[in-house]
Structures are given as C-alpha cells and as structure tokens.
Amino acid sequence: MSVQLAYLVAALCFLLALKGLSTPRFARAGNLLGAAGMALAVVTAFLHGAVHNGPWILVAIALGAVVGVPAARSVKMTAIPQMVALFNGVGGAAAALVALAEFHDGGELLFRIATVLTVLIGSVSFSGSLVTFAKLQEIMTTRPVVLPAGRVLSIGVAVASLVLAVAVLTTSSTALLVALTVAGLLLGVAFVLPVGGADVPIAISLLNAFTGLAVAASGYVLANTLLIVAGTLVGASGTLLTRMMAQAMGRPLANILFGAFTATVAQAHSEESRTVRSGTVEDVAILLGYAHSIVIVPGYGLAVAQAQHAARELVTLLEGRGIDVSYGIHPVAGRMPGHMNVLLAEADVPYEQLKELDDVNPGMTSMDVALVVGANDVVNPGARDEPTSPIYGMPIFDVDRARAVVFMKRSMRPGFAGIDNELLYNTKTTMLFGDAKDSLTKLLAAVKQL
Amino acid sequence: MIDLLTIFVLAAFVGFEVVSKVSTILHTPLMSGANAIHGVILVGAIIITGAAEGGAQLVLGLLAVFLATVNVVGGFVVTDRMLEMFKGHKR
C-alpha cells in the first residue's frame with residue numbers, strides 16, 4: 001500500500017516536471033521536482049524490492065552515477081542532441097534487459113505480449129539511438145545511407161522480427177526471444193541509416209517515444225503502475241514532439257523516415273558559372289549601423305563557432321543605436337527541436353528576444369537587414385519555391401523578402417542537409433565569408449567606429 | 001490487466017495534454033527531461049535484480065540497473081544545466 005502511494009507521488013512529480021516546462025520560469029523547479037520523484041521511487045523500489053543482491057545493486061547504481069554525472073556535466077551545449085540520443089539508447093537497452101531477465105516459460109499471454117513488445121521496442125531504440133549518436137557526432141556520414149537492396153533488407157528484418165515475435169508468443173522459447181533481440185537491434189540500425197542528417201532530430205524524438213513505450217510495456221511485465229504511467233507520459237510527449245517537428249519541416253513523417261528510398265536526386269546547379277557578391281566587414285557594419293530593423297537568423301554554424309556571445313554583444317550595441325533587433329529562431333534550428341534556444345540562453349540572451357517564424361515572417365518585407373549567421377537550410381527559398389527541392393514544403397524564414405540580406409558563412413559548402421541554396425546568388429545578398437565568431441567580433445569593432 | 005490498460009490510456013491523454021502546452025522555447029529540455037523520466041526503468045531493474053537468484057538473471061539485472069542509472073542521473077543533470085540558463089530580462 002505505502003509502496004503504491006510512493007509510486008503515485010513519484011508519478012505526480014513527473015507530471016509536474018513536464019507541466020513546469022510550459023514556462024521558463026517554473027521549468028527548473030519542475031525538473032528538480034521530477035528528480036525528487038525519481039529518487040523517491042528508486043529508494044522505495046530498493047527498500048521494498050531488493051530482497052537479494054542489495055549490495056550489488058548499490059554498486060551498479062554507483063557505477064552508473066560515476067559514468068552519467070560527469071558526462072552530463074561536461075557535455076557542451078552544442079553536443080546535447082548526441083547526449084540525449086545516448087541516454088535514450090541506454091534507457092531502451094535497460095528496458096529490453098529487464099524484460100529478458102524476467103522472461104520465463106509459461107505465464108499469461110498478455111505477459112508474453114508485453115515482454116515481446118518491451119524487448120523489441122527496447123532493442124530498436126538502443127541500436128537506433130547509437131546510429132543517431134554516430135551521425136550527430138559525425139563519426140559516420142550525415143547523409144542518408146541506402147545500402148544496395150536496402151529496402152528489401154529493411155523489410156526483411158521487419159518481417160523476421162514480426163515472425164519471431166509471434167513465435168515467442170506461441171512457444172515461450174528463450175532462444176527465440178534472444179533471436180528477437182538481435183532482430184530488433186538490426187531493425188533499429190536499418191531504420192535510422194536512411195534518415196538524412198537534417199532529419200536526425202526527428203529520429204531522436206521518435207526513438208525517445210519508443211523508449212517510453214518500451215518502459216510502459218515493461219510496466220505490464222512487472223505489473224508496476226509507475227513504469228506504465230511514466231513510460232506512457234514519455235511516449236506521448238515523444239510522439240507529439242515528433243509530429244510538431246514534422247509539421248515544422250512541412251513534410252509527412254513517412255516521407256522523412258523513408259524518403260531516402262524514394263527521393264530523386266536533387267538536380268545539381270552548375271556552381272562554377274555562378275557568382276556571389278561578397279562584402280567587407282565595413283560594408284556590412286554600415287548596412288547594420290544605419291538600419292532601423294534587423295532580424296538575426298542564427299544556425300548551428302553560430303554555435304559551432306562559439307559565436308553566441310559575440311552575437312549578443314553586437315545586438316546590444318545595435319540596440320543602443322536605437323535599432324530594433326530580434327532573433328528569428330526556426331523550430332529545427334540547431335540539431336534538435338529548440339536547440340538554438342538553449343544555445344542562445346547559454347550566452348545570456350533573454351528568451352523574450354527569441355522570435356518564431358510566425359512572429360517574424362509577416363513583417364519581413366519591412367525589415368531592413370536579415371543577418372543570417374551559420375544557418376542555411378532554414379532560409380533556403382527552395383523550400384518554398386522549388387517543388388523538386390528535398391526540403392520543399394519546410395516553412396522557412398522569408399529573408400529573401402527583407403530589403404537586404406547578409407549571409408555570414410564559412411565557405412560555399414552546403415548545409416547539414418547538403419542542399420544548394422539559391423539565396424546565396426540573390427542580388428540582395430552580401431556574403432561575409434569567415435569564421436562566425438571572428439566576423440562578428442570584427443563587425444562589433446566596425447559598428448563601434450560608425 | 002484491464003486496470004493497467006485503463007492507466008495506460010489515461011496517462012496517454014494526460015501526457016498529450018501536458019506536453020502540448022510546453023513552450024516551444026523549451027523543446028530541447030522537454031526532450032531531455034522526458035528522457036530522464038523514462039529512466040524510471042531503474043525501478044523495474046532494481047525489482048528484478050532484487051528477486052534474481054544468481055546466474056544470467058543477476059547479470060542482466062545488474063547491467064540494466066547500471067544503464068538505467070546512467071539514463072536517470074545523466075538526463076536530470078543535463079536538463080538542469082539547460083534550464084538554469086533560461087533567464088528572462090531581469091526586472
């Protein structure tokens with residue numbers, strides 16, 4: 001009874017932790033409450049459930065903390081998506097292991113169904129997350145990987161998983177359950193490999209939902225209500241977030257996940273013959289210093305160059321000149337949804353200055369300068385105008401409708417998604433080549449001189 | 001068993017309801033916070049390891065405890081680090 005009560009309190013804490021995220025003011029307190037709920041649940045489970053092996057369990061927990069805490073403390077904010085993918089993967093693996101360990105002959109059919117689901121979803125989530133990690137860490141190519149006969153292979157693995165799942169249900173064979181685990185691992189790899197770099201955030205979000213569902217299913221295996229509630233909450237949040245992101249990219253989810261199999265290769269523009277206008281720091285400083293309104297569209301490149309602080313200083317200086325400056329944050333800027341907000345918050349940019357697509361685009365035509373720093377795909381007009389573009393349909397910042405565009409870029413290399421950008425060749429566009437931090441620092445000095 | 005299913009359905013609805021109100025600014029912390037919450041599998045891992053009588057079950061259980069702990073503590077710590085940075089204009 002008291003155990004169930006403790007679990008109920010923990011579940012409420014998790015719910016409040018998610019609820020707290022509806023405003024930045026209560027978010028941190030909410031997260032701490034969630035952590036407190038988790039501590040309560042774990043202590044309860046230990047006191048009540050650890051009949052045997054108590055010391056061993058404590059050692060395993062201590063080891064987990066020794067690995068987890070320093071990793072979470074030291075990770076750079078730019079690398080958050082990889083970290084989330086990794087934590088998600090180990091969670092999925094833990095769920096699969098729990099179901100594997102708990103499996104035994106006999107038992108009700110429902111128990112076996114739950115076991116099969118936990119093992120399958122958990123192992124898909126584990127291996128899928130590892131591939132996602134490798135893509136984000138750029139250990140492997142960020143482009144979609146389509147193996148020869150990849151489609152047949154994927155379908156084959158999926159069918160094999162299904163057959164094994166049914167076989168385990170009817171025979172209760174442990175060997176078959178192990179085979180199902182292996183099939184699940186392969187399925188996870190086959191599922192994430194063809195996902196392109198820019199779509200990887202969606203894969204993480206979906207895998208997060210998967211792990212949640214695996215945990216919920218393990219709740220049936222152990223008849224534990226807390227696991228069901230918490231797992232379902234995560235499953236719901238991951239599903240919803242995945243859907244929101246698919247909307248932010250303007251494409252149906254199926255297209256994002258399986259697009260690589262059907263996509264026609266985007267036609268390559270002959271780059272050699274095309275010219276871009278590149279400007280000096282002084283030109284750009286004058287453009288910015290005498291503008292009335294400026295929107296800055298930051299991308300992952302800004303964060304890689306650690307230029308957030310320089311950007312904030314420039315904004316403060318421009319605001320001091322009476323210029324109206326705001327940041328346009330695309331929902332998929334950075335490498336996971338909302339990533340750019342975190343990166344700018346790290347540089348003490350107040351979140352009130354962060355504007356979304358719908359706040360910025362209607363006023364774009366009266367905007368004097370759009371300053372694009374290290375972003376590319378989210379301002380690519382091809383997404384709006386070229387039905388053949390791989391990112392066609394993704395809502396973008398219509399910076400080409402501003403009076404002038406300044407594009408700060410390291411080189412002419414295409415973005416994470418590997419797509420050419422027409423905006424670079426627009427006559428309104430001034431290119432400022434170089435490292436974002438370096439360029440912004442020089443700009444800062446040049447604007448001060450005006 | 002139907003009780004558990006009821007809980008599942010209700011939790012799904014509450015989850016959708018709560019998460020749909022999350023500020024878009026906080027989507028990354030939402031994902032990593034949700035990530036930490038599914039680390040609750042640690043509870044399940046402790047329960048099975050606590051009932052294990054040696055052998056493969058113990059090894060699998062302990063591995064699950066270890067992995068789930070990494071998930072839980074890592075998830076909450078990293079989320080806290082992010083949320084700490086979200087400060088508005090000081091008044």
# chains A, B, ... in the order shown; residues from 1 in each chain; ligands from 1
call {"tool": "closest_atom_pairs", "arguments": {"of": "chain A", "to": "chain B", "cutoff": "6 Å", "atoms": "only C-alpha atoms", "output": "JSON lines"}}
result
{"residue": "A:Lys19", "atom": "CA", "partner": "B:Val18", "partner_atom": "CA", "distance": 5.7}
{"residue": "A:Leu21", "atom": "CA", "partner": "B:Val22", "partner_atom": "CA", "distance": 5.5}
{"residue": "A:Ser22", "atom": "CA", "partner": "B:Val22", "partner_atom": "CA", "distance": 4.0}
{"residue": "A:Arg28", "atom": "CA", "partner": "B:Leu83", "partner_atom": "CA", "distance": 5.4}
{"residue": "A:Val42", "atom": "CA", "partner": "B:Val43", "partner_atom": "CA", "distance": 5.5}
{"residue": "A:Ala45", "atom": "CA", "partner": "B:Val43", "partner_atom": "CA", "distance": 5.7}
{"residue": "A:Gly49", "atom": "CA", "partner": "B:Ile47", "partner_atom": "CA", "distance": 4.9}
{"residue": "A:Ala50", "atom": "CA", "partner": "B:Gly50", "partner_atom": "CA", "distance": 3.8}
{"residue": "A:Val51", "atom": "CA", "partner": "B:Gly50", "partner_atom": "CA", "distance": 5.1}
{"residue": "A:His52", "atom": "CA", "partner": "B:Gly50", "partner_atom": "CA", "distance": 4.8}
{"residue": "A:Asn53", "atom": "CA", "partner": "B:Gly50", "partner_atom": "CA", "distance": 5.8}
{"residue": "A:Ala60", "atom": "CA", "partner": "B:Phe66", "partner_atom": "CA", "distance": 4.9}
{"residue": "A:Ile61", "atom": "CA", "partner": "B:Phe66", "partner_atom": "CA", "distance": 5.6}
{"residue": "A:Gly64", "atom": "CA", "partner": "B:Val70", "partner_atom": "CA", "distance": 4.6}
{"residue": "A:Ala65", "atom": "CA", "partner": "B:Val70", "partner_atom": "CA", "distance": 5.9}
{"residue": "A:Gly68", "atom": "CA", "partner": "B:Val70", "partner_atom": "CA", "distance": 4.5}
{"residue": "A:Val69", "atom": "CA", "partner": "B:Gly74", "partner_atom": "CA", "distance": 5.4}
{"residue": "A:Ala72", "atom": "CA", "partner": "B:Val78", "partner_atom": "CA", "distance": 5.0}
{"residue": "A:Val84", "atom": "CA", "partner": "B:Ser32", "partner_atom": "CA", "distance": 5.9}
{"residue": "A:Phe87", "atom": "CA", "partner": "B:Asn71", "partner_atom": "CA", "distance": 4.8}
{"residue": "A:Val90", "atom": "CA", "partner": "B:Leu67", "partner_atom": "CA", "distance": 5.4}
{"residue": "A:Gly91", "atom": "CA", "partner": "B:Ala68", "partner_atom": "CA", "distance": 5.5}
{"residue": "A:Ala94", "atom": "CA", "partner": "B:Ala64", "partner_atom": "CA", "distance": 4.3}
{"residue": "A:Leu97", "atom": "CA", "partner": "B:Ala64", "partner_atom": "CA", "distance": 5.8}
{"residue": "A:Val98", "atom": "CA", "partner": "B:Ala45", "partner_atom": "CA", "distance": 5.7}
{"residue": "A:Ala101", "atom": "CA", "partner": "B:Gln57", "partner_atom": "CA", "distance": 5.0}
{"residue": "A:Gly212", "atom": "CA", "partner": "B:His38", "partner_atom": "CA", "distance": 5.6}
{"residue": "A:Val229", "atom": "CA", "partner": "B:Ala11", "partner_atom": "CA", "distance": 5.6}
{"residue": "A:Gly231", "atom": "CA", "partner": "B:His38", "partner_atom": "CA", "distance": 5.6}
{"residue": "A:Thr232", "atom": "CA", "partner": "B:Ala12", "partner_atom": "CA", "distance": 5.6}
{"residue": "A:Leu233", "atom": "CA", "partner": "B:Gly15", "partner_atom": "CA", "distance": 4.7}
{"residue": "A:Val234", "atom": "CA", "partner": "B:Ala34", "partner_atom": "CA", "distance": 5.3}
{"residue": "A:Ala236", "atom": "CA", "partner": "B:Gly15", "partner_atom": "CA", "distance": 5.4}
{"residue": "A:Ser237", "atom": "CA", "partner": "B:Val19", "partner_atom": "CA", "distance": 5.7}
{"residue": "A:Pro337", "atom": "CA", "partner": "B:His27", "partner_atom": "CA", "distance": 5.7}
{"residue": "A:Gly338", "atom": "CA", "partner": "B:His27", "partner_atom": "CA", "distance": 4.8}
{"residue": "A:His339", "atom": "CA", "partner": "B:Thr28", "partner_atom": "CA", "distance": 5.6}
{"residue": "A:Asn341", "atom": "CA", "partner": "B:Ile25", "partner_atom": "CA", "distance": 5.9}
{"residue": "A:Ala345", "atom": "CA", "partner": "B:Phe86", "partner_atom": "CA", "distance": 5.5}
{"residue": "A:Glu346", "atom": "CA", "partner": "B:Met85", "partner_atom": "CA", "distance": 5.6}
{"residue": "A:Pro350", "atom": "CA", "partner": "B:Gly88", "partner_atom": "CA", "distance": 4.7}
{"residue": "A:Tyr351", "atom": "CA", "partner": "B:Gly88", "partner_atom": "CA", "distance": 5.7}
call {"tool": "write_last_selection", "arguments": {"atoms": "N, CA and C atoms", "output": "short mmCIF file (atom, residue, chain, number, x, y, z; two decimals), in the first residue's frame"}}
result
data_model
loop_
_atom_site.label_atom_id
_atom_site.label_comp_id
_atom_site.auth_asym_id
_atom_site.auth_seq_id
_atom_site.Cartn_x
_atom_site.Cartn_y
_atom_site.Cartn_z
N LYS A 19 4.87 19.60 -16.75
CA LYS A 19 3.99 20.77 -16.71
C LYS A 19 4.81 22.04 -16.51
N LEU A 21 7.47 22.86 -17.68
CA LEU A 21 8.13 23.32 -18.89
C LEU A 21 7.24 24.23 -19.74
N SER A 22 6.02 24.50 -19.27
CA SER A 22 5.19 25.39 -20.08
C SER A 22 5.67 26.84 -19.97
N ARG A 28 12.83 24.96 -14.18
CA ARG A 28 13.92 24.35 -13.42
C ARG A 28 13.40 23.70 -12.15
N VAL A 42 12.99 5.27 -6.59
CA VAL A 42 14.12 4.34 -6.57
C VAL A 42 14.37 3.82 -5.16
N ALA A 45 11.66 1.34 -4.33
CA ALA A 45 11.87 0.06 -5.01
C ALA A 45 12.99 -0.72 -4.34
N GLY A 49 11.92 -3.94 -2.80
CA GLY A 49 12.13 -4.99 -3.79
C GLY A 49 13.48 -5.69 -3.72
N ALA A 50 14.50 -5.02 -3.18
CA ALA A 50 15.83 -5.61 -3.23
C ALA A 50 16.01 -6.62 -2.11
N VAL A 51 15.30 -7.75 -2.25
CA VAL A 51 15.39 -8.79 -1.23
C VAL A 51 16.78 -9.41 -1.26
N HIS A 52 17.23 -9.71 -2.49
CA HIS A 52 18.57 -10.26 -2.66
C HIS A 52 19.46 -9.21 -3.32
N ASN A 53 20.74 -9.47 -3.29
CA ASN A 53 21.69 -8.71 -4.11
C ASN A 53 21.74 -7.21 -3.82
N ALA A 60 26.10 -1.19 -8.73
CA ALA A 60 25.71 -0.87 -10.12
C ALA A 60 25.20 0.56 -10.22
N ILE A 61 24.42 0.99 -9.20
CA ILE A 61 23.90 2.36 -9.22
C ILE A 61 25.06 3.36 -9.10
N GLY A 64 26.83 3.62 -12.34
CA GLY A 64 26.02 4.38 -13.29
C GLY A 64 26.14 5.87 -13.04
N ALA A 65 26.13 6.25 -11.76
CA ALA A 65 26.23 7.66 -11.42
C ALA A 65 27.61 8.20 -11.77
N GLY A 68 27.42 8.62 -15.52
CA GLY A 68 26.40 9.55 -16.02
C GLY A 68 26.62 11.00 -15.64
N VAL A 69 26.96 11.24 -14.37
CA VAL A 69 27.03 12.63 -13.91
C VAL A 69 28.14 13.43 -14.59
N ALA A 72 27.20 14.20 -18.18
CA ALA A 72 26.15 15.23 -18.31
C ALA A 72 26.68 16.60 -17.91
N VAL A 84 21.55 13.26 -25.59
CA VAL A 84 20.18 12.80 -25.42
C VAL A 84 19.98 11.46 -26.13
N PHE A 87 21.68 8.74 -23.95
CA PHE A 87 20.91 8.42 -22.74
C PHE A 87 19.63 7.67 -23.12
N VAL A 90 20.59 3.96 -23.84
CA VAL A 90 20.84 3.11 -22.68
C VAL A 90 19.54 2.82 -21.94
N GLY A 91 18.61 3.79 -21.96
CA GLY A 91 17.30 3.55 -21.34
C GLY A 91 16.57 2.43 -22.05
N ALA A 94 18.13 -0.85 -21.18
CA ALA A 94 17.77 -1.28 -19.83
C ALA A 94 16.38 -1.93 -19.83
N LEU A 97 16.60 -5.37 -21.35
CA LEU A 97 17.26 -6.30 -20.43
C LEU A 97 16.33 -6.74 -19.31
N VAL A 98 15.55 -5.78 -18.79
CA VAL A 98 14.61 -6.12 -17.72
C VAL A 98 13.63 -7.19 -18.20
N ALA A 101 15.38 -10.58 -18.64
CA ALA A 101 15.68 -11.24 -17.37
C ALA A 101 14.42 -11.80 -16.73
N GLY A 212 10.06 5.28 -24.27
CA GLY A 212 8.95 5.48 -23.35
C GLY A 212 7.96 4.31 -23.44
N VAL A 229 2.78 4.46 -16.13
CA VAL A 229 2.45 5.89 -16.22
C VAL A 229 3.61 6.70 -16.79
N GLY A 231 6.32 5.73 -18.45
CA GLY A 231 6.65 5.35 -19.82
C GLY A 231 5.66 5.94 -20.81
N THR A 232 4.38 5.90 -20.44
CA THR A 232 3.36 6.43 -21.33
C THR A 232 3.48 7.94 -21.50
N LEU A 233 3.79 8.63 -20.39
CA LEU A 233 3.99 10.09 -20.48
C LEU A 233 5.08 10.40 -21.50
N VAL A 234 6.18 9.67 -21.40
CA VAL A 234 7.29 9.91 -22.32
C VAL A 234 6.89 9.54 -23.74
N ALA A 236 3.94 9.63 -25.02
CA ALA A 236 3.04 10.67 -25.54
C ALA A 236 3.83 11.91 -25.90
N SER A 237 4.76 12.31 -25.05
CA SER A 237 5.49 13.55 -25.32
C SER A 237 6.37 13.37 -26.56
N PRO A 337 14.90 19.89 -31.84
CA PRO A 337 13.94 20.98 -31.72
C PRO A 337 14.25 21.84 -30.51
N GLY A 338 14.28 23.15 -30.72
CA GLY A 338 14.53 24.05 -29.59
C GLY A 338 15.99 24.16 -29.21
N HIS A 339 16.87 23.52 -29.97
CA HIS A 339 18.29 23.51 -29.62
C HIS A 339 18.88 24.92 -29.62
N ASN A 341 17.51 27.74 -29.03
CA ASN A 341 17.11 28.50 -27.84
C ASN A 341 18.05 28.22 -26.68
N ALA A 345 20.45 30.88 -24.93
CA ALA A 345 20.26 31.09 -23.50
C ALA A 345 21.60 30.95 -22.79
N GLU A 346 22.44 30.05 -23.29
CA GLU A 346 23.76 29.87 -22.70
C GLU A 346 24.57 31.17 -22.78
N PRO A 350 18.19 37.08 -23.44
CA PRO A 350 16.90 36.88 -22.78
C PRO A 350 15.90 36.22 -23.73
N TYR A 351 15.13 35.25 -23.21
CA TYR A 351 14.29 34.49 -24.13
C TYR A 351 13.19 35.32 -24.76
#
call {"tool": "residues_around", "arguments": {"residues": "Met140 of chain A", "least_positions_apart": "4", "cutoff": "12 Å", "atoms": "only C-alpha atoms", "output": "PyMOL selection string"}}
result
chain A and resi 130-136+144-145+193+196-197
call {"tool": "write_last_selection", "arguments": {"atoms": "N, CA and C atoms", "output": "PDB file, in the first residue's frame"}}
result
ATOM      1  N   LEU A 130      22.070   4.568 -31.047  1.00  0.00           N
ATOM      2  CA  LEU A 130      23.517   4.552 -31.249  1.00  0.00           C
ATOM      3  C   LEU A 130      23.884   5.047 -32.642  1.00  0.00           C
ATOM      4  N   VAL A 131      23.097   4.637 -33.654  1.00  0.00           N
ATOM      5  CA  VAL A 131      23.369   5.122 -35.010  1.00  0.00           C
ATOM      6  C   VAL A 131      23.137   6.632 -35.073  1.00  0.00           C
ATOM      7  N   THR A 132      22.060   7.096 -34.425  1.00  0.00           N
ATOM      8  CA  THR A 132      21.782   8.524 -34.372  1.00  0.00           C
ATOM      9  C   THR A 132      22.949   9.268 -33.744  1.00  0.00           C
ATOM     10  N   PHE A 133      23.459   8.705 -32.653  1.00  0.00           N
ATOM     11  CA  PHE A 133      24.610   9.306 -31.975  1.00  0.00           C
ATOM     12  C   PHE A 133      25.780   9.414 -32.950  1.00  0.00           C
ATOM     13  N   ALA A 134      26.053   8.323 -33.667  1.00  0.00           N
ATOM     14  CA  ALA A 134      27.186   8.304 -34.596  1.00  0.00           C
ATOM     15  C   ALA A 134      27.008   9.353 -35.694  1.00  0.00           C
ATOM     16  N   LYS A 135      25.773   9.540 -36.141  1.00  0.00           N
ATOM     17  CA  LYS A 135      25.518  10.542 -37.178  1.00  0.00           C
ATOM     18  C   LYS A 135      25.745  11.953 -36.641  1.00  0.00           C
ATOM     19  N   LEU A 136      25.223  12.218 -35.441  1.00  0.00           N
ATOM     20  CA  LEU A 136      25.327  13.565 -34.882  1.00  0.00           C
ATOM     21  C   LEU A 136      26.765  13.903 -34.504  1.00  0.00           C
ATOM     22  N   PRO A 144      21.928  10.395 -45.927  1.00  0.00           N
ATOM     23  CA  PRO A 144      21.170   9.153 -45.835  1.00  0.00           C
ATOM     24  C   PRO A 144      22.012   8.000 -46.380  1.00  0.00           C
ATOM     25  N   VAL A 145      22.027   6.894 -45.670  1.00  0.00           N
ATOM     26  CA  VAL A 145      22.756   5.732 -46.158  1.00  0.00           C
ATOM     27  C   VAL A 145      21.749   4.717 -46.674  1.00  0.00           C
ATOM     28  N   LEU A 193      19.556   4.338 -40.462  1.00  0.00           N
ATOM     29  CA  LEU A 193      20.563   4.569 -41.509  1.00  0.00           C
ATOM     30  C   LEU A 193      20.089   5.455 -42.659  1.00  0.00           C
ATOM     31  N   GLY A 196      18.261  11.191 -43.305  1.00  0.00           N
ATOM     32  CA  GLY A 196      19.254  12.202 -43.637  1.00  0.00           C
ATOM     33  C   GLY A 196      19.629  13.052 -42.435  1.00  0.00           C
ATOM     34  N   GLY A 197      20.791  13.697 -42.510  1.00  0.00           N
ATOM     35  CA  GLY A 197      21.321  14.484 -41.399  1.00  0.00           C
ATOM     36  C   GLY A 197      20.335  15.466 -40.803  1.00  0.00           C
TER      37      GLY A 197
END
call {"tool": "residues_around", "arguments": {"residues": "segment 288-297 of chain A", "least_positions_apart": "6", "cutoff": "7 Å", "atoms": "only C-alpha atoms", "output": "JSON, numbers by chain"}}
result
{"A": [318, 323, 324, 325, 326, 327, 328, 329, 367, 368, 369, 370, 371, 372, 373, 375, 447]}
call {"tool": "write_last_selection", "arguments": {"atoms": "C-alpha atoms", "output": "PDB file, in the first residue's frame"}}
result
ATOM      1  CA  LEU A 318      22.875  47.862 -32.228  1.00  0.00           C
ATOM      2  CA  ILE A 323      17.767  49.762 -33.856  1.00  0.00           C
ATOM      3  CA  ASP A 324      15.054  47.173 -33.428  1.00  0.00           C
ATOM      4  CA  VAL A 325      16.778  43.780 -33.311  1.00  0.00           C
ATOM      5  CA  SER A 326      15.282  40.353 -32.828  1.00  0.00           C
ATOM      6  CA  TYR A 327      16.382  36.765 -33.293  1.00  0.00           C
ATOM      7  CA  GLY A 328      14.419  34.549 -35.658  1.00  0.00           C
ATOM      8  CA  ILE A 329      14.569  31.013 -34.310  1.00  0.00           C
ATOM      9  CA  MET A 367      12.837  44.508 -42.345  1.00  0.00           C
ATOM     10  CA  ASP A 368      15.955  46.453 -43.389  1.00  0.00           C
ATOM     11  CA  VAL A 369      18.505  43.714 -42.906  1.00  0.00           C
ATOM     12  CA  ALA A 370      18.287  39.986 -42.335  1.00  0.00           C
ATOM     13  CA  LEU A 371      21.560  38.739 -40.892  1.00  0.00           C
ATOM     14  CA  VAL A 372      21.975  35.020 -41.401  1.00  0.00           C
ATOM     15  CA  VAL A 373      24.702  33.584 -39.197  1.00  0.00           C
ATOM     16  CA  ALA A 375      22.204  28.976 -40.867  1.00  0.00           C
ATOM     17  CA  VAL A 447      29.983  49.269 -35.836  1.00  0.00           C
TER      18      VAL A 447
END
call {"tool": "residues_around", "arguments": {"residues": "Tyr392 of chain A", "least_positions_apart": "2", "cutoff": "12 Å", "atoms": "only C-alpha atoms", "output": "list in words"}}
result
Ala248, Met249, Gly250, Arg251, Pro252, Asn255, Ile256, Ala263, Ala266, Asp377, Val378, Val379, Asn380, Pro381, Gly382, Ala383, Arg384, Asp385, Glu386, Pro387, Thr388, Ser389, Pro390, Met394, Pro395, Ile396 and Ile419 of chain A
call {"tool": "select_by_dssp", "arguments": {"residues": "segment 238-423 of chain A", "states": "strand (DSSP E or B)", "output": "list in words"}}
result
Ser278, Ser293, Ile294, Val295, Ile296, Val297, Pro298, Asp324, Val325, Ser326, Tyr327, Gly328, Leu354, Lys355, Val369, Ala370, Leu371, Val372, Val373, Ala404, Val405, Val406, Phe407, Met408 and Lys409 of chain A
